[in-house]
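Taking it in order: structure first as structure tokens, then the write-up.
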Amino acid sequence: MTVDTVTFYWRPGCPFCMSLERSLTKMNLPLDKRNIWEEPEHAAAVRSIANGNETVPTVVVGSAKLVNPSAPQVVQAMSKQAPDLLPDDVDVPTPGRAGRFINRLLGGE
């Protein structure tokens, strides 16, 4: 499966959305921004990912679905799901002990 975009669900006034978007934009990562207040299907997509909640930011990269992720978590997901979308100058962080434990709990590596 070829992944050609990073889907970024957000809503106006959300400080977490603004912070994550600013971080990802500084890294020149391609974002397909979707406002959950403008389109009901965007809100429905977020609810399907976030256990019925409209928690934003929610980011989708291929099969990786991240609710309120950090920028390093988005970069890690991109490195696995869409490495061609990562600019050459972006460093992929290595998950720490807690991150590796959470990945195992969630069925990842």
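Ordering of the structure tokens sets the chain letters (A, B, ...), residue numbers begin anew at 1 in every chain, and ligands are numbered from 1 in the order given.
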
Q: Please provide the set of residues having any atom within 8 Å of A:Thr55, restricted to only C-alpha atoms, with same-chain residues fewer than 6 positions apart removed, written as a list in words.
A: Val46, Arg47, Val67 and Asn68 of chain A

Residues within 8 Å of stretch 36-43 of chain A, only C-alpha atoms, excluding chain neighbours under 6 positions, as a PDB file with N, CA and C atoms, in the first residue's frame:
```pdb
ATOM      1  N   TYR A   9      -6.581  15.577  11.391  1.00  0.00           N
ATOM      2  CA  TYR A   9      -7.909  16.041  11.815  1.00  0.00           C
ATOM      3  C   TYR A   9      -7.729  17.059  12.937  1.00  0.00           C
ATOM      4  N   TRP A  10      -8.451  18.172  12.837  1.00  0.00           N
ATOM      5  CA  TRP A  10      -8.304  19.269  13.786  1.00  0.00           C
ATOM      6  C   TRP A  10      -9.636  20.009  13.914  1.00  0.00           C
ATOM      7  N   ARG A  11      -9.657  20.981  14.824  1.00  0.00           N
ATOM      8  CA  ARG A  11     -10.798  21.888  14.933  1.00  0.00           C
ATOM      9  C   ARG A  11     -10.277  23.265  15.326  1.00  0.00           C
ATOM     10  N   PRO A  12     -10.987  24.325  14.939  1.00  0.00           N
ATOM     11  CA  PRO A  12     -10.555  25.677  15.286  1.00  0.00           C
ATOM     12  C   PRO A  12     -10.493  25.876  16.802  1.00  0.00           C
ATOM     13  N   GLU A  54     -14.551  12.930  19.915  1.00  0.00           N
ATOM     14  CA  GLU A  54     -14.026  13.800  18.860  1.00  0.00           C
ATOM     15  C   GLU A  54     -12.721  14.438  19.327  1.00  0.00           C
TER      16      GLU A  54
END
```

Q | Residue neighbourhood A:Thr5, 9 Å, only C-alpha atoms, exclusion window fewer than 2 positions, as a ChimeraX atom specification | A | /A:3,7,30-32,60-62,82,85

Write a file of the selected residues as a PDB file, in the first residue's frame, keeping N, CA and C atoms.
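Writing done, so here's result.pdb:
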```pdb
ATOM      1  N   VAL A   3       1.293   5.120   0.666  1.00  0.00           N
ATOM      2  CA  VAL A   3       0.687   6.202   1.444  1.00  0.00           C
ATOM      3  C   VAL A   3       1.212   7.507   0.871  1.00  0.00           C
ATOM      4  N   THR A   7      -3.019  12.457   7.092  1.00  0.00           N
ATOM      5  CA  THR A   7      -4.316  13.083   7.350  1.00  0.00           C
ATOM      6  C   THR A   7      -4.313  13.633   8.769  1.00  0.00           C
ATOM      7  N   PRO A  30       4.050  16.795   4.832  1.00  0.00           N
ATOM      8  CA  PRO A  30       2.825  17.054   4.079  1.00  0.00           C
ATOM      9  C   PRO A  30       1.591  16.699   4.925  1.00  0.00           C
ATOM     10  N   LEU A  31       0.684  17.653   5.066  1.00  0.00           N
ATOM     11  CA  LEU A  31      -0.522  17.427   5.864  1.00  0.00           C
ATOM     12  C   LEU A  31      -1.763  17.652   5.022  1.00  0.00           C
ATOM     13  N   ASP A  32      -2.690  16.736   5.118  1.00  0.00           N
ATOM     14  CA  ASP A  32      -4.012  16.901   4.535  1.00  0.00           C
ATOM     15  C   ASP A  32      -4.921  17.262   5.708  1.00  0.00           C
ATOM     16  N   VAL A  60      -3.698  10.301  10.864  1.00  0.00           N
ATOM     17  CA  VAL A  60      -3.708   8.988  10.218  1.00  0.00           C
ATOM     18  C   VAL A  60      -2.603   8.957   9.168  1.00  0.00           C
ATOM     19  N   VAL A  61      -1.748   7.942   9.298  1.00  0.00           N
ATOM     20  CA  VAL A  61      -0.684   7.704   8.319  1.00  0.00           C
ATOM     21  C   VAL A  61      -0.785   6.230   7.942  1.00  0.00           C
ATOM     22  N   GLY A  62      -1.336   5.955   6.782  1.00  0.00           N
ATOM     23  CA  GLY A  62      -1.535   4.557   6.390  1.00  0.00           C
ATOM     24  C   GLY A  62      -2.436   3.865   7.391  1.00  0.00           C
ATOM     25  N   ALA A  82       5.028   5.575   5.727  1.00  0.00           N
ATOM     26  CA  ALA A  82       5.209   6.433   4.549  1.00  0.00           C
ATOM     27  C   ALA A  82       6.600   7.069   4.550  1.00  0.00           C
ATOM     28  N   LEU A  85       7.567  10.086   2.360  1.00  0.00           N
ATOM     29  CA  LEU A  85       7.036  11.424   2.645  1.00  0.00           C
ATOM     30  C   LEU A  85       7.919  12.210   3.611  1.00  0.00           C
TER      31      LEU A  85
END
```

(Q) Give me, as a list in words, all polymer residues having an atom no more than 12 Å from A:Ser23, counting only C-alpha atoms and skipping those fewer than 2 positions away in the same chain. (A) Phe16, Cys17, Met18, Ser19, Leu20, Glu21, Thr25, Lys26, Met27, Asn28, Leu29, Pro30, Leu31, Pro69, Ser70, Ala71, Pro72, Gln73, Val74, Val75 and Val90 of chain A

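The closest residue to A:Leu86, picked from A:Leu24, A:Lys33, A:Ala50, A:Thr58 and counting only C-alpha atoms, is A:Leu24.
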
Q: List every residue of chain A that DSSP, applied to the backbone of this structure, assigns to alpha helix (DSSP H), and report them as a ChimeraX atom specification.
A: /A:15-26,40-49,71-81,97-105

Store the residues of this selection in a file with C-alpha atoms, as a PDB file, in the first residue's frame.
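The result, stored in again_8.pdb:
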```
ATOM      1  CA  PRO A  15      -4.310  24.574  21.227  1.00  0.00           C
ATOM      2  CA  PHE A  16      -3.065  20.973  20.906  1.00  0.00           C
ATOM      3  CA  CYS A  17      -3.884  21.024  17.189  1.00  0.00           C
ATOM      4  CA  MET A  18      -2.106  24.335  16.682  1.00  0.00           C
ATOM      5  CA  SER A  19       0.984  23.138  18.538  1.00  0.00           C
ATOM      6  CA  LEU A  20       1.236  19.857  16.629  1.00  0.00           C
ATOM      7  CA  GLU A  21       0.558  21.514  13.286  1.00  0.00           C
ATOM      8  CA  ARG A  22       3.265  24.097  13.973  1.00  0.00           C
ATOM      9  CA  SER A  23       5.784  21.344  14.817  1.00  0.00           C
ATOM     10  CA  LEU A  24       4.935  19.240  11.767  1.00  0.00           C
ATOM     11  CA  THR A  25       4.932  22.254   9.449  1.00  0.00           C
ATOM     12  CA  LYS A  26       8.413  23.255  10.674  1.00  0.00           C
ATOM     13  CA  PRO A  40     -19.563  15.651   9.443  1.00  0.00           C
ATOM     14  CA  GLU A  41     -17.656  12.766   7.822  1.00  0.00           C
ATOM     15  CA  HIS A  42     -14.389  14.085   9.285  1.00  0.00           C
ATOM     16  CA  ALA A  43     -15.907  14.142  12.776  1.00  0.00           C
ATOM     17  CA  ALA A  44     -17.266  10.628  12.210  1.00  0.00           C
ATOM     18  CA  ALA A  45     -13.814   9.417  11.154  1.00  0.00           C
ATOM     19  CA  VAL A  46     -12.290  10.788  14.362  1.00  0.00           C
ATOM     20  CA  ARG A  47     -15.036   9.205  16.493  1.00  0.00           C
ATOM     21  CA  SER A  48     -14.339   5.851  14.844  1.00  0.00           C
ATOM     22  CA  ILE A  49     -10.661   6.147  15.784  1.00  0.00           C
ATOM     23  CA  ALA A  71       5.389  15.264  16.622  1.00  0.00           C
ATOM     24  CA  PRO A  72       7.957  12.489  17.253  1.00  0.00           C
ATOM     25  CA  GLN A  73       5.134   9.914  17.293  1.00  0.00           C
ATOM     26  CA  VAL A  74       3.905  11.169  13.911  1.00  0.00           C
ATOM     27  CA  VAL A  75       7.438  10.993  12.510  1.00  0.00           C
ATOM     28  CA  GLN A  76       7.841   7.430  13.844  1.00  0.00           C
ATOM     29  CA  ALA A  77       4.562   6.408  12.192  1.00  0.00           C
ATOM     30  CA  MET A  78       5.655   8.022   8.942  1.00  0.00           C
ATOM     31  CA  SER A  79       8.992   6.215   9.033  1.00  0.00           C
ATOM     32  CA  LYS A  80       7.094   2.902   9.057  1.00  0.00           C
ATOM     33  CA  GLN A  81       4.027   3.729   6.956  1.00  0.00           C
ATOM     34  CA  ARG A  97      11.490   2.394  27.228  1.00  0.00           C
ATOM     35  CA  ALA A  98       7.925   3.583  27.857  1.00  0.00           C
ATOM     36  CA  GLY A  99       7.300   4.071  24.135  1.00  0.00           C
ATOM     37  CA  ARG A 100       8.497   0.560  23.332  1.00  0.00           C
ATOM     38  CA  PHE A 101       6.262  -0.850  26.086  1.00  0.00           C
ATOM     39  CA  ILE A 102       3.223   1.019  24.745  1.00  0.00           C
ATOM     40  CA  ASN A 103       3.996  -0.113  21.192  1.00  0.00           C
ATOM     41  CA  ARG A 104       4.059  -3.742  22.397  1.00  0.00           C
ATOM     42  CA  LEU A 105       0.751  -3.275  24.241  1.00  0.00           C
TER      43      LEU A 105
END
```

Q: From a DSSP pass on the backbone, collect the residues of chain A flagged as strand (DSSP E or B) and hand them back as a count of residues only.
A: 18
